[in-house]
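Heads up: the structure comes next, in structure tokens.
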Amino acid sequence: MHIDFASPSGGTYNNAGSSRQLTSYMEHEDLERMEQGIYADGFFDLTDDNIYKSKVIKDIDTNIGQLLKTDAKFYAIHVSPSESELRAMGNTELEKAEAMKRYIREVFIPEYANNFNKELSASDIKFYGKIHFDRSRSENELNMHCHLIVSRKDQTNKKKLSPLTNHKNTKKGTVTGGFDRVNLFQQAEQGFDKLFGYNRQLSESFEYSNTMKNGSIDNKLKIQEQELKEPKQYSTGEKKKEIFQSGEKESMISCNLDSKADNKQSYNQQNNNSGDSLLFIFSLGYSNNYDATLAEESQAKKLKKKKKKGIRR
């Protein structure tokens with residue numbers, strides 16, 4: 001599960017003024033889908049579906065009590081499940097969209113509210129969501145994700161709520177409560193697994209990615225050791241196949257290397273050309289599954305190209 005807060009810079013995500021530009025962007029996919037006769041999903045909040053864009057703009061733009069002209073008025077959040085997570089959410093686009101809305105309403109928004117440490121509940125958060133089904137720059141088979149626009153102020157228009165603050169669980173000072181984004185990511189992930197009965201592998205967890213990005217060397221080694229001990233699974237279509245555990249996998253790699261070494265010895269006995277021998281050794285080092293025949297063909301093509309270049313004037 002990938003969750004990120006869009007940078008409140010200029011352009012689409014500029015949050016110091018009206019929400020009109022962002023809500024228009026959030027709706028851009030609908031026209032294309034409707035022209036093709038494909039299902040399109042409207043804006044939604046905690047209880048209602050198919051909310052008009054005009055209502056979204058009005059509610060967000062008027063919920064700005066005591067905010068200065070340059071203050072953030074709202075925040076944009078992206079919630080993007082992985083392909084395997086999306087498969088666990090349903091079989092059709094409609095099923096997945098309904099599951100996404102359920103996840104936002106029952107897991108994400110309650111955890112978002114809880115992380116401000118101000119005794120808030122989901123009903124205190126003014127937000128609107130929009131499901132997108134496509135990503136133009138993605139090669140994944142499944143790309144459904146959700147855009148959220150969340151008001152800076154709570155439903156009563158009295159409390160300021162900033163998920164981008166660096167304060168965490170503060171009791172005193174100008175910012176009380178703060179916001180713990182790491183805890184939000186962890187709780188949102190655990191909530192997803194519980195809601196959909198998802199069997200998450202360690203390598204696809206927030207804990208793993210956060211440790212590998214920000215952890216100490218010792219912590220990185222520890223979590224990699226845990227990963228090696230864990231039975232691995234991968235998805236092909238909608239079927240899951242079990243693959244080798246670390247010990248078996250290492251044994252298989254060892255056997256492959258021994259086999260390649262034998263092939264190398266036999267090859268060198270038949271061919272005394274040093275260039276070809278070096279090419280074969282390189283192919284072994286590059287990949288255990290690399291085919292020496294393909295390497296030879298590749299080298300022949302390169303030599304052919306060089307000869308052609310030499311003829312040109």
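In the structure tokens, the first chain shown is A, the next is B, and so on; residue numbers restart at 1 for each chain, and ligands run from 1 in the order shown.
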Residues at most 8 Å from Asp41 (chain A), counting only C-alpha atoms, excluding those fewer than 3 positions away in the same chain, as a ChimeraX atom specification?
/A:30,50,97,130-131
So which bits of region 72-211 of chain A end up strand (DSSP E or B) when you DSSP the backbone, as a list in words?
Phe74, Tyr75, Ala76, Ile77, His78, Val79, Ser80, Phe127, Tyr128, Gly129, Lys130, Ile131, His132, His145, Cys146, His147, Leu148, Ile149, Val150, Ser151, Lys153, Lys160, Lys168 and Gly178 of chain A
Grab the CA of Ile3 (chain A) to CA of Ile77 (chain A) distance for me, in Å with one decimal place.
7.2 Å
List every residue of region 69-142 of chain A that DSSP, applied to the backbone of this structure, places in helix (DSSP H, G or I), and write the result as an NGL selection string.
:A and (83-88 or 93-114 or 122-124)
Would you pick out the contacts of Ser18 (chain A) at 9 Å or less, using only C-alpha atoms, so that residues sharing its chain but fewer than 3 positions from it are not included, and give the list as number ranges by chain?
A: 14-15, 21-22, 57, 60-61, 73
Next, the residues of the selection above should be written as a PDB file, in the first residue's frame with all heavy atoms.
ATOM      1  N   ASN A  14      -1.722  23.335  -5.417  1.00  0.00           N
ATOM      2  CA  ASN A  14      -1.631  24.576  -4.649  1.00  0.00           C
ATOM      3  C   ASN A  14      -2.828  24.651  -3.692  1.00  0.00           C
ATOM      4  O   ASN A  14      -3.977  24.707  -4.120  1.00  0.00           O
ATOM      5  CB  ASN A  14      -1.637  25.764  -5.603  1.00  0.00           C
ATOM      6  CG  ASN A  14      -1.566  27.085  -4.863  1.00  0.00           C
ATOM      7  OD1 ASN A  14      -1.239  27.128  -3.678  1.00  0.00           O
ATOM      8  ND2 ASN A  14      -1.877  28.166  -5.548  1.00  0.00           N
ATOM      9  N   ASN A  15      -2.557  24.623  -2.399  1.00  0.00           N
ATOM     10  CA  ASN A  15      -3.650  24.544  -1.415  1.00  0.00           C
ATOM     11  C   ASN A  15      -3.855  25.834  -0.616  1.00  0.00           C
ATOM     12  O   ASN A  15      -4.517  25.820   0.416  1.00  0.00           O
ATOM     13  CB  ASN A  15      -3.438  23.366  -0.475  1.00  0.00           C
ATOM     14  CG  ASN A  15      -2.187  23.523   0.378  1.00  0.00           C
ATOM     15  OD1 ASN A  15      -1.455  24.505   0.260  1.00  0.00           O
ATOM     16  ND2 ASN A  15      -1.936  22.545   1.237  1.00  0.00           N
ATOM     17  N   GLN A  21      -9.254  23.889  -8.738  1.00  0.00           N
ATOM     18  CA  GLN A  21      -8.298  23.301  -9.672  1.00  0.00           C
ATOM     19  C   GLN A  21      -8.047  21.828  -9.356  1.00  0.00           C
ATOM     20  O   GLN A  21      -8.003  20.987 -10.259  1.00  0.00           O
ATOM     21  CB  GLN A  21      -6.974  24.079  -9.642  1.00  0.00           C
ATOM     22  CG  GLN A  21      -6.002  23.650 -10.723  1.00  0.00           C
ATOM     23  CD  GLN A  21      -4.806  24.578 -10.823  1.00  0.00           C
ATOM     24  OE1 GLN A  21      -4.683  25.545 -10.075  1.00  0.00           O
ATOM     25  NE2 GLN A  21      -3.920  24.296 -11.766  1.00  0.00           N
ATOM     26  N   LEU A  22      -7.896  21.509  -8.082  1.00  0.00           N
ATOM     27  CA  LEU A  22      -7.639  20.122  -7.702  1.00  0.00           C
ATOM     28  C   LEU A  22      -8.859  19.238  -7.950  1.00  0.00           C
ATOM     29  O   LEU A  22      -8.728  18.129  -8.473  1.00  0.00           O
ATOM     30  CB  LEU A  22      -7.232  20.041  -6.226  1.00  0.00           C
ATOM     31  CG  LEU A  22      -6.996  18.624  -5.676  1.00  0.00           C
ATOM     32  CD1 LEU A  22      -5.937  17.891  -6.500  1.00  0.00           C
ATOM     33  CD2 LEU A  22      -6.576  18.689  -4.209  1.00  0.00           C
ATOM     34  N   ILE A  57     -16.320  21.620  -3.896  1.00  0.00           N
ATOM     35  CA  ILE A  57     -15.612  22.912  -3.916  1.00  0.00           C
ATOM     36  C   ILE A  57     -16.172  23.855  -2.857  1.00  0.00           C
ATOM     37  O   ILE A  57     -15.413  24.483  -2.100  1.00  0.00           O
ATOM     38  CB  ILE A  57     -15.706  23.552  -5.317  1.00  0.00           C
ATOM     39  CG1 ILE A  57     -14.995  22.689  -6.346  1.00  0.00           C
ATOM     40  CG2 ILE A  57     -15.108  24.958  -5.296  1.00  0.00           C
ATOM     41  CD1 ILE A  57     -15.224  23.124  -7.779  1.00  0.00           C
ATOM     42  N   ILE A  60     -15.258  22.652   0.833  1.00  0.00           N
ATOM     43  CA  ILE A  60     -13.841  22.822   1.171  1.00  0.00           C
ATOM     44  C   ILE A  60     -13.473  24.301   1.246  1.00  0.00           C
ATOM     45  O   ILE A  60     -12.781  24.744   2.175  1.00  0.00           O
ATOM     46  CB  ILE A  60     -12.943  22.105   0.136  1.00  0.00           C
ATOM     47  CG1 ILE A  60     -13.171  20.576   0.161  1.00  0.00           C
ATOM     48  CG2 ILE A  60     -11.474  22.411   0.405  1.00  0.00           C
ATOM     49  CD1 ILE A  60     -12.788  19.892   1.449  1.00  0.00           C
ATOM     50  N   ASP A  61     -13.969  25.098   0.300  1.00  0.00           N
ATOM     51  CA  ASP A  61     -13.573  26.509   0.223  1.00  0.00           C
ATOM     52  C   ASP A  61     -14.210  27.381   1.304  1.00  0.00           C
ATOM     53  O   ASP A  61     -13.722  28.485   1.575  1.00  0.00           O
ATOM     54  CB  ASP A  61     -13.930  27.081  -1.160  1.00  0.00           C
ATOM     55  CG  ASP A  61     -13.006  26.563  -2.250  1.00  0.00           C
ATOM     56  OD1 ASP A  61     -12.095  25.771  -1.934  1.00  0.00           O
ATOM     57  OD2 ASP A  61     -13.203  26.941  -3.421  1.00  0.00           O
ATOM     58  N   LYS A  73      -5.333  25.471   2.957  1.00  0.00           N
ATOM     59  CA  LYS A  73      -6.780  25.335   3.181  1.00  0.00           C
ATOM     60  C   LYS A  73      -7.222  23.864   3.122  1.00  0.00           C
ATOM     61  O   LYS A  73      -8.283  23.506   3.633  1.00  0.00           O
ATOM     62  CB  LYS A  73      -7.559  26.126   2.115  1.00  0.00           C
ATOM     63  CG  LYS A  73      -7.111  27.577   1.929  1.00  0.00           C
ATOM     64  CD  LYS A  73      -7.243  28.395   3.191  1.00  0.00           C
ATOM     65  CE  LYS A  73      -7.007  29.884   2.950  1.00  0.00           C
ATOM     66  NZ  LYS A  73      -5.675  30.223   2.417  1.00  0.00           N
TER      67      LYS A  73
END
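We find CA of Gly178 (chain A) and CA of Thr165 (chain A) to be spaced 6.4 Å apart.
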List as a PyMOL selection string the protein and nucleic acid residues near Ala6 (chain A), meaning an atom at most 8 Å away when only C-alpha atoms are counted, but skip any in the same chain fewer than 2 places from it.
chain A and resi 4+8+13+75-78
Store the residues picked out above, limited to N, CA, C and O atoms, as a short mmCIF file (atom, residue, chain, number, x, y, z; two decimals), in the first residue's frame.
data_model
loop_
_atom_site.label_atom_id
_atom_site.label_comp_id
_atom_site.auth_asym_id
_atom_site.auth_seq_id
_atom_site.Cartn_x
_atom_site.Cartn_y
_atom_site.Cartn_z
N ASP A 4 0.73 8.69 0.07
CA ASP A 4 1.59 9.88 0.10
C ASP A 4 0.75 11.15 0.14
O ASP A 4 -0.40 11.17 -0.29
N PRO A 8 2.31 20.59 -1.36
CA PRO A 8 1.43 21.75 -1.60
C PRO A 8 2.16 22.89 -2.31
O PRO A 8 2.28 24.00 -1.80
N TYR A 13 -1.78 21.18 -7.11
CA TYR A 13 -1.85 20.92 -5.67
C TYR A 13 -1.64 22.18 -4.81
O TYR A 13 -1.40 22.06 -3.61
N TYR A 75 -5.56 19.52 2.03
CA TYR A 75 -4.43 18.66 1.70
C TYR A 75 -4.88 17.58 0.73
O TYR A 75 -6.02 17.11 0.79
N ALA A 76 -3.98 17.19 -0.17
CA ALA A 76 -4.26 16.13 -1.14
C ALA A 76 -3.49 14.88 -0.74
O ALA A 76 -2.29 14.94 -0.46
N ILE A 77 -4.19 13.75 -0.69
CA ILE A 77 -3.59 12.48 -0.29
C ILE A 77 -3.88 11.44 -1.37
O ILE A 77 -5.00 11.38 -1.90
N HIS A 78 -2.88 10.63 -1.68
CA HIS A 78 -3.04 9.54 -2.64
C HIS A 78 -2.96 8.21 -1.91
O HIS A 78 -2.02 7.98 -1.13
#
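With only C-alpha atoms as the atoms that count, the minimum distance from Ile104 (chain A) to the choices A:Ser19, A:Asn91, A:Thr12, A:Thr47 is reached by A:Thr47.
Take the candidates A:Gly129, A:Pro110, A:Gly90, A:Gly17 and check each one against Thr62 (chain A) using only C-alpha atoms; the shortest distance goes to A:Gly17.
Omitting region 191-201 of chain A and its sequence neighbours fewer than 2 positions away, and counting only C-alpha atoms, the residues within 7 Å are A:Ala88, A:Met89, A:Tyr103, A:Val107, A:Gln187, A:Ala188, A:Glu189, A:Ser203, A:Glu204, A:Ser205.
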Would you write out those residues with C-alpha atoms, as a tab-separated table (two decimals), in the first residue's frame?
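So the final result, stored in out-v3.tsv, reads:
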chain	number	residue	atom	x	y	z
A	88	ALA	CA	-7.73	-9.07	-2.87
A	89	MET	CA	-10.28	-6.24	-3.11
A	103	TYR	CA	-11.35	0.93	3.16
A	107	VAL	CA	-9.83	2.25	8.04
A	187	GLN	CA	-2.05	1.31	11.06
A	188	ALA	CA	-3.54	1.84	7.59
A	189	GLU	CA	-1.61	-1.17	6.33
A	203	SER	CA	9.02	-7.54	1.70
A	204	GLU	CA	5.82	-5.61	0.79
A	205	SER	CA	5.28	-4.15	4.25
Contacts of Leu120 (chain A) within 12 Å, only C-alpha atoms, excl. fewer than 3 positions in-chain, as a PDB file with N, CA, C and O atoms, in the first residue's frame:
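File written: part-v4.pdb
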ATOM      1  N   ILE A 109      -9.627   6.924   7.065  1.00  0.00           N
ATOM      2  CA  ILE A 109     -10.070   8.168   7.707  1.00  0.00           C
ATOM      3  C   ILE A 109     -10.107   8.041   9.234  1.00  0.00           C
ATOM      4  O   ILE A 109      -9.669   8.961   9.945  1.00  0.00           O
ATOM      5  N   PRO A 110     -10.593   6.926   9.817  1.00  0.00           N
ATOM      6  CA  PRO A 110     -10.519   6.785  11.276  1.00  0.00           C
ATOM      7  C   PRO A 110      -9.088   6.853  11.801  1.00  0.00           C
ATOM      8  O   PRO A 110      -8.827   7.480  12.839  1.00  0.00           O
ATOM      9  N   GLU A 111      -8.134   6.228  11.085  1.00  0.00           N
ATOM     10  CA  GLU A 111      -6.731   6.277  11.518  1.00  0.00           C
ATOM     11  C   GLU A 111      -6.147   7.675  11.323  1.00  0.00           C
ATOM     12  O   GLU A 111      -5.345   8.138  12.134  1.00  0.00           O
ATOM     13  N   TYR A 112      -6.544   8.339  10.254  1.00  0.00           N
ATOM     14  CA  TYR A 112      -6.115   9.719  10.009  1.00  0.00           C
ATOM     15  C   TYR A 112      -6.560  10.611  11.168  1.00  0.00           C
ATOM     16  O   TYR A 112      -5.766  11.390  11.708  1.00  0.00           O
ATOM     17  N   ALA A 113      -7.819  10.490  11.569  1.00  0.00           N
ATOM     18  CA  ALA A 113      -8.356  11.294  12.669  1.00  0.00           C
ATOM     19  C   ALA A 113      -7.643  10.976  13.985  1.00  0.00           C
ATOM     20  O   ALA A 113      -7.286  11.877  14.760  1.00  0.00           O
ATOM     21  N   ASN A 114      -7.424   9.702  14.230  1.00  0.00           N
ATOM     22  CA  ASN A 114      -6.809   9.259  15.488  1.00  0.00           C
ATOM     23  C   ASN A 114      -5.392   9.771  15.655  1.00  0.00           C
ATOM     24  O   ASN A 114      -4.941  10.038  16.776  1.00  0.00           O
ATOM     25  N   ASN A 115      -4.664   9.932  14.541  1.00  0.00           N
ATOM     26  CA  ASN A 115      -3.259  10.313  14.619  1.00  0.00           C
ATOM     27  C   ASN A 115      -3.014  11.768  14.971  1.00  0.00           C
ATOM     28  O   ASN A 115      -1.874  12.173  15.174  1.00  0.00           O
ATOM     29  N   PHE A 116      -4.067  12.572  15.046  1.00  0.00           N
ATOM     30  CA  PHE A 116      -3.893  13.962  15.489  1.00  0.00           C
ATOM     31  C   PHE A 116      -3.840  14.060  17.012  1.00  0.00           C
ATOM     32  O   PHE A 116      -3.538  15.124  17.550  1.00  0.00           O
ATOM     33  N   ASN A 117      -4.166  12.968  17.690  1.00  0.00           N
ATOM     34  CA  ASN A 117      -4.127  12.943  19.158  1.00  0.00           C
ATOM     35  C   ASN A 117      -4.964  14.062  19.780  1.00  0.00           C
ATOM     36  O   ASN A 117      -4.556  14.724  20.735  1.00  0.00           O
ATOM     37  N   SER A 123     -15.874  11.027  11.820  1.00  0.00           N
ATOM     38  CA  SER A 123     -16.945  11.990  11.532  1.00  0.00           C
ATOM     39  C   SER A 123     -16.508  13.442  11.731  1.00  0.00           C
ATOM     40  O   SER A 123     -17.193  14.369  11.305  1.00  0.00           O
ATOM     41  N   ASP A 124     -15.343  13.652  12.360  1.00  0.00           N
ATOM     42  CA  ASP A 124     -14.827  15.014  12.555  1.00  0.00           C
ATOM     43  C   ASP A 124     -14.027  15.505  11.353  1.00  0.00           C
ATOM     44  O   ASP A 124     -13.679  16.689  11.283  1.00  0.00           O
ATOM     45  N   ILE A 125     -13.698  14.614  10.438  1.00  0.00           N
ATOM     46  CA  ILE A 125     -12.857  14.955   9.294  1.00  0.00           C
ATOM     47  C   ILE A 125     -13.712  15.306   8.078  1.00  0.00           C
ATOM     48  O   ILE A 125     -14.559  14.523   7.654  1.00  0.00           O
ATOM     49  N   LYS A 126     -13.487  16.484   7.521  1.00  0.00           N
ATOM     50  CA  LYS A 126     -14.188  16.883   6.291  1.00  0.00           C
ATOM     51  C   LYS A 126     -13.299  16.494   5.117  1.00  0.00           C
ATOM     52  O   LYS A 126     -12.219  17.058   4.921  1.00  0.00           O
ATOM     53  N   ASP A 154     -11.512  21.000  10.866  1.00  0.00           N
ATOM     54  CA  ASP A 154     -12.429  19.894  11.138  1.00  0.00           C
ATOM     55  C   ASP A 154     -13.852  20.278  10.732  1.00  0.00           C
ATOM     56  O   ASP A 154     -14.104  21.376  10.236  1.00  0.00           O
ATOM     57  N   GLN A 155     -14.789  19.364  10.923  1.00  0.00           N
ATOM     58  CA  GLN A 155     -16.170  19.601  10.501  1.00  0.00           C
ATOM     59  C   GLN A 155     -16.805  20.816  11.183  1.00  0.00           C
ATOM     60  O   GLN A 155     -17.680  21.468  10.614  1.00  0.00           O
ATOM     61  N   THR A 156     -16.360  21.134  12.395  1.00  0.00           N
ATOM     62  CA  THR A 156     -16.933  22.283  13.108  1.00  0.00           C
ATOM     63  C   THR A 156     -16.310  23.601  12.674  1.00  0.00           C
ATOM     64  O   THR A 156     -16.739  24.667  13.109  1.00  0.00           O
ATOM     65  N   LYS A 159     -11.104  23.544  14.625  1.00  0.00           N
ATOM     66  CA  LYS A 159      -9.777  22.981  14.890  1.00  0.00           C
ATOM     67  C   LYS A 159      -8.940  22.910  13.610  1.00  0.00           C
ATOM     68  O   LYS A 159      -9.407  22.443  12.580  1.00  0.00           O
ATOM     69  N   LYS A 160      -7.682  23.382  13.721  1.00  0.00           N
ATOM     70  CA  LYS A 160      -6.741  23.269  12.612  1.00  0.00           C
ATOM     71  C   LYS A 160      -6.088  21.888  12.646  1.00  0.00           C
ATOM     72  O   LYS A 160      -5.607  21.448  13.692  1.00  0.00           O
ATOM     73  N   LEU A 161      -6.058  21.237  11.502  1.00  0.00           N
ATOM     74  CA  LEU A 161      -5.493  19.892  11.413  1.00  0.00           C
ATOM     75  C   LEU A 161      -4.491  19.831  10.264  1.00  0.00           C
ATOM     76  O   LEU A 161      -4.871  19.960   9.098  1.00  0.00           O
ATOM     77  N   GLY A 177      -0.870  18.016  19.954  1.00  0.00           N
ATOM     78  CA  GLY A 177      -1.337  16.815  19.272  1.00  0.00           C
ATOM     79  C   GLY A 177      -0.366  16.338  18.222  1.00  0.00           C
ATOM     80  O   GLY A 177       0.117  15.219  18.260  1.00  0.00           O
TER      81      GLY A 177
END
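One distance worth recording is that between CA of Lys53 (chain A) and CA of Thr23 (chain A), which is 6.8 Å.
Look at Ile51 (chain A): the protein and nucleic acid residues within 7 Å of it, using only C-alpha atoms and passing over chain neighbours fewer than 4 places away, are Gly42, Phe43 and Phe44 of chain A.
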Just-selected residues, N, CA and C atoms written as a compact mmCIF listing (two decimals), in the first residue's frame:
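The resulting file, selection12.txt, is reproduced below:
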# COMPACT_ATOMS: atom_id res chain seq x y z
N GLY A 42 -18.35 8.79 -8.91
CA GLY A 42 -18.35 10.19 -8.49
C GLY A 42 -17.59 10.41 -7.20
N PHE A 43 -17.62 11.63 -6.70
CA PHE A 43 -17.00 11.94 -5.41
C PHE A 43 -17.78 11.25 -4.29
N PHE A 44 -17.08 10.94 -3.22
CA PHE A 44 -17.73 10.32 -2.06
C PHE A 44 -17.16 10.90 -0.78
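Of the listed residues (A:Phe179, A:Phe5, A:Phe133, A:Phe185), A:Phe133 comes nearest to Glu32 (chain A); the distances count only C-alpha atoms.
Distances to Phe74 (chain A) were evaluated for A:Leu202, A:Leu184, A:Leu164, A:Ala99 using only C-alpha atoms, and the minimum falls at A:Leu164.
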